file model_21.pdb (PDB, C-alpha atoms)
ATOM      1  CA  MET Q   1     103.595-144.365   6.117
ATOM      2  CA  HIS Q   2     106.050-142.267   4.112
ATOM      3  CA  GLU Q   3     103.372-141.138   1.666
ATOM      4  CA  ILE Q   4     100.935-140.321   4.453
ATOM      5  CA  ASP Q   5     103.612-138.284   6.210
ATOM      6  CA  LEU Q   6     104.527-136.434   3.020
ATOM      7  CA  ALA Q   7     100.888-135.519   2.468
ATOM      8  CA  ALA Q   8     100.606-134.258   6.053
ATOM      9  CA  VAL Q   9     103.783-132.204   5.707
ATOM     10  CA  SER Q  10     102.430-130.604   2.530
ATOM     11  CA  ARG Q  11      99.201-129.683   4.310
ATOM     12  CA  VAL Q  12     101.088-128.158   7.236
ATOM     13  CA  ARG Q  13     103.225-126.146   4.850
ATOM     14  CA  ALA Q  14     100.050-124.944   3.141
ATOM     15  CA  GLY Q  15      98.877-123.538   6.464
ATOM     16  CA  GLU Q  16      96.780-126.399   7.755
ATOM     17  CA  ALA Q  17      98.369-126.634  11.206
ATOM     18  CA  GLU Q  18      96.019-129.393  12.377
ATOM     19  CA  ALA Q  19      97.623-131.782   9.893
ATOM     20  CA  PHE Q  20     100.680-131.777  12.146
ATOM     21  CA  ALA Q  21      98.640-133.574  14.819
ATOM     22  CA  GLY Q  22      98.693-136.737  12.689
ATOM     23  CA  LEU Q  23     102.475-136.618  12.414
ATOM     24  CA  VAL Q  24     102.766-136.248  16.188
ATOM     25  CA  GLU Q  25     100.329-139.105  16.694
ATOM     26  CA  ARG Q  26     102.258-141.451  14.400
ATOM     27  CA  HIS Q  27     105.780-140.677  15.614
ATOM     28  CA  SER Q  28     105.674-139.439  19.224
ATOM     29  CA  ARG Q  29     106.016-142.895  20.793
ATOM     30  CA  SER Q  30     109.011-143.947  18.721
ATOM     31  CA  VAL Q  31     110.658-140.591  19.434
ATOM     32  CA  PHE Q  32     109.987-141.151  23.127
ATOM     33  CA  ARG Q  33     111.583-144.621  22.986
ATOM     34  CA  LEU Q  34     114.660-143.278  21.245
ATOM     35  CA  ALA Q  35     114.985-140.389  23.712
ATOM     36  CA  TYR Q  36     114.507-142.667  26.685
ATOM     37  CA  ARG Q  37     117.045-145.202  25.458
ATOM     38  CA  ILE Q  38     119.655-142.498  25.007
ATOM     39  CA  THR Q  39     119.005-140.594  28.231
ATOM     40  CA  GLY Q  40     117.584-143.314  30.480
ATOM     41  CA  ASN Q  41     115.304-140.722  32.060
ATOM     42  CA  GLU Q  42     111.539-140.408  31.544
ATOM     43  CA  ASN Q  43     111.279-136.697  32.220
ATOM     44  CA  ASP Q  44     114.168-135.928  29.908
ATOM     45  CA  ALA Q  45     112.609-138.156  27.248
ATOM     46  CA  ASP Q  46     109.243-136.354  27.514
ATOM     47  CA  GLU Q  47     110.997-133.020  27.292
ATOM     48  CA  ILE Q  48     112.897-134.171  24.220
ATOM     49  CA  VAL Q  49     109.688-135.358  22.537
ATOM     50  CA  GLN Q  50     108.097-131.979  23.181
ATOM     51  CA  GLU Q  51     111.056-129.993  21.939
ATOM     52  CA  THR Q  52     111.525-132.268  18.930
ATOM     53  CA  PHE Q  53     107.999-131.707  17.653
ATOM     54  CA  MET Q  54     108.088-127.990  18.399
ATOM     55  CA  ARG Q  55     111.240-127.652  16.331
ATOM     56  CA  ALA Q  56     109.846-129.828  13.578
ATOM     57  CA  TYR Q  57     106.676-127.704  13.470
ATOM     58  CA  ARG Q  58     108.565-124.425  13.328
ATOM     59  CA  GLU Q  59     111.090-125.700  10.798
ATOM     60  CA  ILE Q  60     108.834-127.851   8.676
ATOM     61  CA  HIS Q  61     109.963-125.874   5.617
ATOM     62  CA  ARG Q  62     113.460-127.348   6.124
ATOM     63  CA  TYR Q  63     112.308-130.916   5.802
ATOM     64  CA  GLU Q  64     113.419-132.487   2.544
ATOM     65  CA  SER Q  65     111.285-135.334   1.346
ATOM     66  CA  ARG Q  66     114.300-137.384   0.201
ATOM     67  CA  ALA Q  67     114.515-138.756   3.740
ATOM     68  CA  SER Q  68     111.489-140.065   5.550
ATOM     69  CA  PHE Q  69     109.807-137.817   8.094
ATOM     70  CA  ALA Q  70     110.618-140.474  10.713
ATOM     71  CA  THR Q  71     114.334-140.244   9.933
ATOM     72  CA  TRP Q  72     114.227-136.460  10.034
ATOM     73  CA  ILE Q  73     112.394-136.277  13.341
ATOM     74  CA  HIS Q  74     114.574-138.993  14.882
ATOM     75  CA  THR Q  75     117.659-137.021  13.911
ATOM     76  CA  ILE Q  76     116.288-133.947  15.699
ATOM     77  CA  ALA Q  77     115.414-136.042  18.761
ATOM     78  CA  ARG Q  78     118.754-137.810  18.738
ATOM     79  CA  ASN Q  79     120.665-134.506  18.743
ATOM     80  CA  LEU Q  80     118.526-133.112  21.543
ATOM     81  CA  ALA Q  81     118.973-136.296  23.567
ATOM     82  CA  LEU Q  82     122.723-136.190  23.116
ATOM     83  CA  ASP Q  83     122.761-132.545  24.238
ATOM     84  CA  ILE Q  84     120.877-133.491  27.390
ATOM     85  CA  LEU Q  85     123.111-136.504  27.965
ATOM     86  CA  ARG Q  86     126.239-134.346  27.696
ATOM     87  CA  LYS Q  87     124.741-131.664  29.953
ATOM     88  CA  ASN Q  88     123.516-134.050  32.629
ATOM     89  CA  ARG Q  89     126.431-136.421  32.687
ATOM     90  CA  PRO Q  90     129.632-134.455  32.217
ATOM     91  CA  GLY Q  91     132.757-136.469  32.937
ATOM     92  CA  SER Q  92     130.918-139.758  32.882
ATOM     93  CA  ALA Q  93     133.344-141.264  30.394
ATOM     94  CA  GLU Q  94     135.149-143.304  33.012
ATOM     95  CA  ILE Q  95     132.168-144.687  34.880
ATOM     96  CA  GLU Q  96     132.610-148.390  35.525
ATOM     97  CA  LEU Q  97     129.922-150.888  36.265
ATOM     98  CA  VAL Q  98     129.661-152.154  39.804
ATOM     99  CA  SER Q  99     129.535-155.907  39.760
ATOM    100  CA  SER Q 100     126.975-157.523  42.014
ATOM    101  CA  ALA Q 101     125.957-161.129  41.748
ATOM    102  CA  PRO Q 102     122.179-161.571  41.828
ATOM    103  CA  THR Q 103     120.562-164.142  44.082
ATOM    104  CA  PRO Q 104     118.425-166.941  42.536
ATOM    105  CA  GLU Q 105     115.281-165.373  44.028
ATOM    106  CA  ARG Q 106     115.943-162.122  42.235
ATOM    107  CA  LEU Q 107     116.592-163.914  39.006
ATOM    108  CA  ALA Q 108     113.078-165.283  39.071
ATOM    109  CA  SER Q 109     111.653-161.943  38.107
ATOM    110  CA  SER Q 110     111.951-160.684  34.549
ATOM    111  CA  HIS Q 111     111.258-157.234  35.924
ATOM    112  CA  LEU Q 112     114.613-157.417  37.609
ATOM    113  CA  LEU Q 113     116.260-158.240  34.291
ATOM    114  CA  GLY Q 114     114.945-154.956  33.024
ATOM    115  CA  GLU Q 115     116.319-153.159  36.073
ATOM    116  CA  ARG Q 116     119.649-154.831  35.627
ATOM    117  CA  ILE Q 117     119.814-153.827  31.981
ATOM    118  CA  ALA Q 118     118.870-150.264  32.880
ATOM    119  CA  ALA Q 119     121.623-150.177  35.494
ATOM    120  CA  ALA Q 120     124.121-151.582  33.005
ATOM    121  CA  LEU Q 121     123.164-148.989  30.380
ATOM    122  CA  ASN Q 122     123.469-146.248  32.995
ATOM    123  CA  GLY Q 123     126.996-147.434  33.627
ATOM    124  CA  LEU Q 124     128.066-146.478  30.127
ATOM    125  CA  SER Q 125     129.762-143.192  29.325
ATOM    126  CA  THR Q 126     127.949-140.574  27.262
ATOM    127  CA  HIS Q 127     129.621-141.585  24.017
ATOM    128  CA  GLU Q 128     129.302-145.284  24.701
ATOM    129  CA  ARG Q 129     125.613-145.062  25.487
ATOM    130  CA  ALA Q 130     124.851-142.826  22.520
ATOM    131  CA  ALA Q 131     126.844-144.878  20.031
ATOM    132  CA  PHE Q 132     125.557-148.189  21.342
ATOM    133  CA  THR Q 133     121.906-147.065  21.469
ATOM    134  CA  LEU Q 134     121.987-145.727  17.936
ATOM    135  CA  ARG Q 135     123.673-148.850  16.548
ATOM    136  CA  HIS Q 136     121.811-151.464  18.548
ATOM    137  CA  TYR Q 137     118.288-150.055  18.804
ATOM    138  CA  GLU Q 138     118.115-147.682  15.865
ATOM    139  CA  GLY Q 139     120.338-149.502  13.385
ATOM    140  CA  VAL Q 140     122.116-146.278  12.453
ATOM    141  CA  PRO Q 141     125.264-146.885  10.340
ATOM    142  CA  LEU Q 142     128.604-146.347  12.103
ATOM    143  CA  ILE Q 143     129.650-143.402   9.968
ATOM    144  CA  GLU Q 144     126.368-141.601  10.638
ATOM    145  CA  ILE Q 145     126.680-142.217  14.371
ATOM    146  CA  GLY Q 146     130.158-140.710  14.251
ATOM    147  CA  GLU Q 147     128.851-137.605  12.497
ATOM    148  CA  THR Q 148     126.071-137.259  15.039
ATOM    149  CA  ILE Q 149     128.192-137.530  18.152
ATOM    150  CA  GLY Q 150     131.303-135.936  16.708
ATOM    151  CA  LEU Q 151     133.602-138.947  16.528
ATOM    152  CA  SER Q 152     135.511-140.631  13.736
ATOM    153  CA  GLU Q 153     134.188-143.931  12.446
ATOM    154  CA  ASN Q 154     136.987-145.770  14.223
ATOM    155  CA  ALA Q 155     136.380-143.945  17.519
ATOM    156  CA  THR Q 156     132.680-144.753  17.157
ATOM    157  CA  LYS Q 157     133.540-148.439  16.764
ATOM    158  CA  GLN Q 158     135.720-148.310  19.860
ATOM    159  CA  SER Q 159     132.870-146.719  21.841
ATOM    160  CA  ILE Q 160     130.550-149.513  20.755
ATOM    161  CA  PHE Q 161     133.134-152.174  21.588
ATOM    162  CA  ARG Q 162     133.610-150.749  25.088
ATOM    163  CA  ALA Q 163     129.852-150.504  25.585
ATOM    164  CA  VAL Q 164     129.221-154.098  24.516
ATOM    165  CA  LYS Q 165     132.045-155.396  26.710
ATOM    166  CA  LYS Q 166     130.734-153.509  29.746
ATOM    167  CA  LEU Q 167     127.229-154.767  29.110
ATOM    168  CA  SER Q 168     128.484-158.320  28.656
ATOM    169  CA  ARG Q 169     130.432-158.197  31.928
ATOM    170  CA  ALA Q 170     127.405-156.861  33.762
ATOM    171  CA  LEU Q 171     124.734-159.042  32.193
ATOM    172  CA  LEU Q 172     126.275-162.312  31.067
ATOM    173  CA  PRO Q 173     126.426-164.001  34.499
ATOM    174  CA  TRP Q 174     122.881-162.958  35.094
ATOM    175  CA  ILE Q 175     121.565-164.076  31.717
ATOM    176  CA  THR Q 176     123.414-167.400  31.910
ATOM    177  CA  LEU Q 177     121.620-168.158  35.163
ATOM    178  CA  THR Q 178     118.221-167.324  33.715
TER     179      THR Q 178
ATOM    180  CA  MET I 179     141.880-168.340  10.455
ATOM    181  CA  ASN I 180     143.027-167.381  13.952
ATOM    182  CA  HIS I 181     140.479-167.145  16.730
ATOM    183  CA  PRO I 182     138.530-163.897  16.237
ATOM    184  CA  THR I 183     138.812-161.125  18.786
ATOM    185  CA  GLU I 184     135.814-159.936  20.778
ATOM    186  CA  ASP I 185     135.743-156.789  18.650
ATOM    187  CA  GLN I 186     135.475-158.882  15.486
ATOM    188  CA  LEU I 187     132.611-160.828  16.998
ATOM    189  CA  ILE I 188     130.811-157.594  17.845
ATOM    190  CA  LEU I 189     131.247-156.369  14.269
ATOM    191  CA  GLN I 190     129.977-159.735  13.066
ATOM    192  CA  TYR I 191     126.862-159.402  15.224
ATOM    193  CA  TYR I 192     126.016-155.995  13.740
ATOM    194  CA  GLY I 193     127.032-156.982  10.225
ATOM    195  CA  ASP I 194     129.709-154.300  10.203
ATOM    196  CA  GLY I 195     132.670-156.400   9.077
ATOM    197  CA  GLY I 196     131.787-160.001   9.105
ATOM    198  CA  SER I 197     133.417-162.327   6.639
ATOM    199  CA  ASP I 198     132.917-165.795   5.240
ATOM    200  CA  ASP I 199     136.142-166.861   6.948
ATOM    201  CA  LEU I 200     134.792-165.791  10.296
ATOM    202  CA  GLU I 201     131.530-167.642   9.758
ATOM    203  CA  SER I 202     133.395-170.787   8.736
ATOM    204  CA  HIS I 203     135.576-170.474  11.806
ATOM    205  CA  LEU I 204     132.549-170.182  14.077
ATOM    206  CA  ASP I 205     131.158-173.350  12.492
ATOM    207  CA  GLU I 206     134.339-175.241  13.180
ATOM    208  CA  CYS I 207     135.577-173.815  16.508
ATOM    209  CA  ARG I 208     133.396-174.772  19.450
ATOM    210  CA  GLU I 209     135.052-172.318  21.847
ATOM    211  CA  CYS I 210     134.579-169.322  19.559
ATOM    212  CA  ARG I 211     131.050-170.400  18.753
ATOM    213  CA  GLN I 212     130.186-170.477  22.460
ATOM    214  CA  THR I 213     131.743-167.039  22.965
ATOM    215  CA  TYR I 214     129.731-165.682  20.046
ATOM    216  CA  GLN I 215     126.527-167.286  21.327
ATOM    217  CA  SER I 216     127.080-165.665  24.731
ATOM    218  CA  LEU I 217     127.500-162.319  23.038
ATOM    219  CA  GLN I 218     124.311-162.906  21.053
ATOM    220  CA  ARG I 219     122.410-163.779  24.240
ATOM    221  CA  VAL I 220     123.524-160.597  25.960
ATOM    222  CA  LEU I 221     122.762-158.337  23.033
ATOM    223  CA  ASN I 222     119.467-160.058  22.247
ATOM    224  CA  SER I 223     118.419-159.724  25.888
ATOM    225  CA  LEU I 224     118.682-155.953  25.652
ATOM    226  CA  ILE I 225     115.328-155.917  23.967
ATOM    227  CA  ALA I 226     114.051-156.509  27.502
ATOM    228  CA  ALA I 227     115.404-153.121  28.578
ATOM    229  CA  PRO I 228     112.504-151.464  30.408
ATOM    230  CA  LEU I 229     110.674-148.839  28.430
ATOM    231  CA  PRO I 230     108.113-146.722  30.268
ATOM    232  CA  GLU I 231     104.692-146.873  28.667
ATOM    233  CA  ARG I 232     102.925-143.822  27.352
ATOM    234  CA  GLY I 233      99.136-143.647  27.176
ATOM    235  CA  ALA I 234      97.028-143.925  24.053
ATOM    236  CA  ASP I 235      96.524-140.154  24.071
ATOM    237  CA  TYR I 236     100.234-139.366  24.280
ATOM    238  CA  GLY I 237     100.304-137.970  20.751
ATOM    239  CA  GLN I 238      97.362-135.692  21.508
ATOM    240  CA  GLN I 239      99.024-134.452  24.695
ATOM    241  CA  VAL I 240     102.206-133.655  22.802
ATOM    242  CA  TRP I 241     100.279-131.931  20.023
ATOM    243  CA  ARG I 242      98.348-129.776  22.522
ATOM    244  CA  LYS I 243     101.604-128.638  24.094
ATOM    245  CA  VAL I 244     103.053-127.892  20.684
ATOM    246  CA  GLN I 245      99.984-125.795  19.909
ATOM    247  CA  LEU I 246     100.251-123.924  23.200
ATOM    248  CA  ALA I 247     103.939-123.314  22.729
ATOM    249  CA  THR I 248     103.575-122.058  19.192
ATOM    250  CA  ALA I 249     100.275-120.161  19.492
ATOM    251  CA  PRO I 250     101.106-117.442  22.086
ATOM    252  CA  ARG I 251     103.025-115.325  19.618
ATOM    253  CA  ARG I 252     100.067-115.244  17.254
ATOM    254  CA  ASN I 253      97.678-114.569  20.134
ATOM    255  CA  PHE I 254      99.879-111.787  21.403
ATOM    256  CA  ARG I 255      99.856-110.214  17.963
ATOM    257  CA  HIS I 256      96.097-110.450  17.819
ATOM    258  CA  TRP I 257      95.757-108.897  21.260
ATOM    259  CA  ALA I 258      98.244-106.145  20.427
ATOM    260  CA  PHE I 259      96.426-105.394  17.200
ATOM    261  CA  GLY I 260      93.085-105.315  19.024
ATOM    262  CA  LEU I 261      94.383-103.013  21.725
ATOM    263  CA  ALA I 262      95.931-100.675  19.174
ATOM    264  CA  ALA I 263      92.688-100.575  17.197
ATOM    265  CA  ALA I 264      90.683 -99.854  20.366
ATOM    266  CA  ALA I 265      93.086 -97.072  21.320
ATOM    267  CA  VAL I 266      92.758 -95.496  17.872
ATOM    268  CA  VAL I 267      88.943 -95.624  18.134
ATOM    269  CA  VAL I 268      88.930 -94.034  21.628
ATOM    270  CA  VAL I 269      91.372 -91.264  20.728
ATOM    271  CA  GLY I 270      89.547 -90.635  17.455
ATOM    272  CA  ALA I 271      86.202 -90.392  19.243
ATOM    273  CA  PHE I 272      87.670 -87.970  21.780
ATOM    274  CA  LEU I 273      89.165 -85.722  19.115
ATOM    275  CA  ALA I 274      85.995 -85.800  17.029
ATOM    276  CA  GLY I 275      83.903 -84.912  20.064
ATOM    277  CA  THR I 276      86.158 -82.046  20.996
ATOM    278  CA  ALA I 277      86.126 -80.672  17.458
ATOM    279  CA  TYR I 278      82.350 -80.920  17.342
ATOM    280  CA  GLU I 279      81.969 -79.036  20.629
ATOM    281  CA  ARG I 280      84.235 -76.255  19.376
ATOM    282  CA  SER I 281      82.455 -75.915  16.076
ATOM    283  CA  LYS I 282      78.984 -75.883  17.660
ATOM    284  CA  PRO I 283      77.403 -72.321  17.507
ATOM    285  CA  VAL I 284      76.729 -70.707  20.893
ATOM    286  CA  ALA I 285      72.970 -70.833  20.846
ATOM    287  CA  VAL I 286      72.528 -68.772  23.994
ATOM    288  CA  ALA I 287      73.783 -65.598  22.239
ATOM    289  CA  ASP I 288      70.515 -65.204  20.405
ATOM    290  CA  ASP I 289      68.293 -66.288  23.264
ATOM    291  CA  PRO I 290      66.643 -63.134  24.815
ATOM    292  CA  ARG I 291      66.088 -64.870  28.149
ATOM    293  CA  ALA I 292      69.736 -65.741  28.457
ATOM    294  CA  ARG I 293      70.712 -62.197  27.518
ATOM    295  CA  LEU I 294      68.415 -60.730  30.233
ATOM    296  CA  LEU I 295      69.848 -63.158  32.777
ATOM    297  CA  ARG I 296      73.367 -62.109  31.910
ATOM    298  CA  VAL I 297      72.553 -58.403  32.204
ATOM    299  CA  ALA I 298      70.872 -59.003  35.555
ATOM    300  CA  LEU I 299      73.834 -61.028  36.766
ATOM    301  CA  ASP I 300      76.290 -58.360  35.621
ATOM    302  CA  GLY I 301      74.313 -55.716  37.521
ATOM    303  CA  HIS I 302      74.217 -57.794  40.636
ATOM    304  CA  LEU I 303      77.925 -58.478  40.563
ATOM    305  CA  ALA I 304      78.687 -54.783  40.018
ATOM    306  CA  SER I 305      76.611 -53.698  43.006
ATOM    307  CA  SER I 306      78.188 -56.465  45.122
ATOM    308  CA  LEU I 307      81.596 -55.128  44.191
ATOM    309  CA  MET I 308      80.589 -51.628  45.196
ATOM    310  CA  VAL I 309      79.315 -52.809  48.580
ATOM    311  CA  LEU I 310      82.483 -54.767  49.233
ATOM    312  CA  ALA I 311      84.563 -51.678  48.365
ATOM    313  CA  GLU I 312      82.527 -49.527  50.758
ATOM    314  CA  ILE I 313      82.969 -52.083  53.555
ATOM    315  CA  GLU I 314      86.678 -52.169  52.908
ATOM    316  CA  ASN I 315      86.955 -48.383  53.149
ATOM    317  CA  ALA I 316      84.466 -47.809  55.993
ATOM    318  CA  PRO I 317      85.843 -46.661  59.349
ATOM    319  CA  GLY I 318      86.289 -49.723  61.575
ATOM    320  CA  ARG I 319      85.454 -51.803  58.512
ATOM    321  CA  THR I 320      81.803 -51.929  59.549
ATOM    322  CA  MET I 321      78.730 -50.464  57.926
ATOM    323  CA  ASP I 322      75.026 -51.051  57.700
ATOM    324  CA  ILE I 323      74.193 -52.948  54.521
ATOM    325  CA  SER I 324      70.688 -53.902  55.479
ATOM    326  CA  TRP I 325      69.449 -51.766  52.613
ATOM    327  CA  GLN I 326      71.025 -54.299  50.230
ATOM    328  CA  ARG I 327      68.638 -57.037  51.219
TER     329      ARG I 327
END
call {"tool": "encode", "arguments": {"input": "model_21.pdb", "output": "C-alpha cells"}}
result
Amino acid sequence: MHEIDLAAVSRVRAGEAEAFAGLVERHSRSVFRLAYRITGNENDADEIVQETFMRAYREIHRYESRASFATWIHTIARNLALDILRKNRPGSAEIELVSSAPTPERLASSHLLGERIAAALNGLSTHERAAFTLRHYEGVPLIEIGETIGLSENATKQSIFRAVKKLSRALLPWITLT
Amino acid sequence: MNHPTEDQLILQYYGDGGSDDLESHLDECRECRQTYQSLQRVLNSLIAAPLPERGADYGQQVWRKVQLATAPRRNFRHWAFGLAAAAVVVVGAFLAGTAYERSKPVAVADDPRARLLRVALDGHLASSLMVLAEIENAPGRTMDISWQR
C-alpha cells in the first residue's frame, strides 16, 4: 500500500492530477471512519473527508515520504475533526452521561447496542472523545495525542481515564445483561 | 502487589504501563481479574459502535468534488485569458479597419461623373440659397417662386 501510494504521490507531483483519484479511493473510507468517530456526525464527517483531500491535493508537495500517506492524511483529518468538535461543542467538558436502564426487550437488538454506544460516546467531553477515539480506534501513542489536542501526556491520560470510566458506567450494565 | 487502580487497569488494557507484577496479580486475585474482564468487555464492545456505510463509489464522489473545488481557478484563468485575447483581436481589427479607411485614396476625385454631380449640386444649393434670401427680404415675406420649378 505504502509503495503504491508513494508512486501515486510522485505522479501527482509530476502534474498527473488523475493519479490522486487512486489515493482518494484507497483512503476516503478510513478517513470517513476516523472523522465520524471523533465527531459522531455524518455530515461533519463527510465535510471533513472533502476538506482533508482538498488540502492534501493542494499541499501534496508538503508530504514527506518518511511517514505513510495514510498517516499524513489521517493527521490532517484528525486536526480538522478536532476543530469541528471544538466549534460545535464548546463547553461540553462537563457533560455527564444520563443513566437509563434498558429493558430486556431492548437488549435483544444489537442495533440498540450501537445506539447506546453512540449515546455514551456523545456524552464525552471534546478532549475525552478525541483522546479516547485516537487511542482506542486509531492506536495513536499518548504523547502524539497530547500534541494533537494540545494537552500534556499526563492530561491526555487523565482524559482517557475519564472517558473509559464514563463509558464503563454507561455500558457495563447493558453489556453484562447481553 | 496492592490491588491495581482502575487507571492502572486501563493502562494495562492499552499496553501503556502494564507490568509483570500487575499481570501476576490479575492471575492470582479473582476480584481484580473480574474487574479487568469487565473493562475488557466494555472496551471490546466499542467495536460495535455504529458506523454509517458509504457506497462503493464514495471515493469517486470525493474525487469529483476535489476536482470541482480545485479546477475553478484554472478555468477562470483560461476564461480570462480567452476574453482578453478576444478583446485584443476585436480592438486590433477595429483600429486596423479605421487606419485602412483613412489611408484609402478618395477615388471619386478623379471620376468625371462625380465631379459633374458635385458642380451641379453646388449650383443648385447656391440658387436655393438665393431664393431663400429673396423670400426672407420680400415684403410680407411672400413672393412668386413658380419660375424655380
call {"tool": "resolve_selection", "arguments": {"input": "model_21.pdb", "expression": "the PyMOL selection byres ((chain Q and resi 32) around 12)", "output": "PyMOL selection string"}}
result
(chain Q and resi 24-31+33-53+73-74+77-78+80-81) or (chain I and resi 229-233+236-237+240)
call {"tool": "closest_residue", "arguments": {"input": "model_21.pdb", "among": "I:Val244, I:Arg208, I:Thr213, I:Gln186", "to": "chain Q", "atoms": "only C-alpha atoms"}}
result
I:Val244
call {"tool": "closest_residue", "arguments": {"input": "model_21.pdb", "among": "Q:Ala21, Q:Ser125, Q:Phe132, Q:Arg162", "to": "chain I", "atoms": "all atoms listed in the file"}}
result
Q:Ala21
call {"tool": "residues_around", "arguments": {"input": "model_21.pdb", "residues": "Q:Arg66", "least_positions_apart": "3", "cutoff": "12 Å", "atoms": "all atoms listed in the file", "output": "VMD selection string"}}
result
chain Q and resid 2 to 3 6 62 to 63 69 to 72
call {"tool": "residues_near_point", "arguments": {"input": "model_21.pdb", "point": "(129.3, -152.9, 32.2)", "cutoff": "6 Å", "atoms": "all atoms listed in the file", "output": "ChimeraX atom specification"}}
result
/Q:97,120,166-167,169-170
call {"tool": "atom_distance", "arguments": {"input": "model_21.pdb", "atom1": "atom CA of I:Ala226", "atom2": "atom CA of I:Asp185"}}
result
23.4 Å
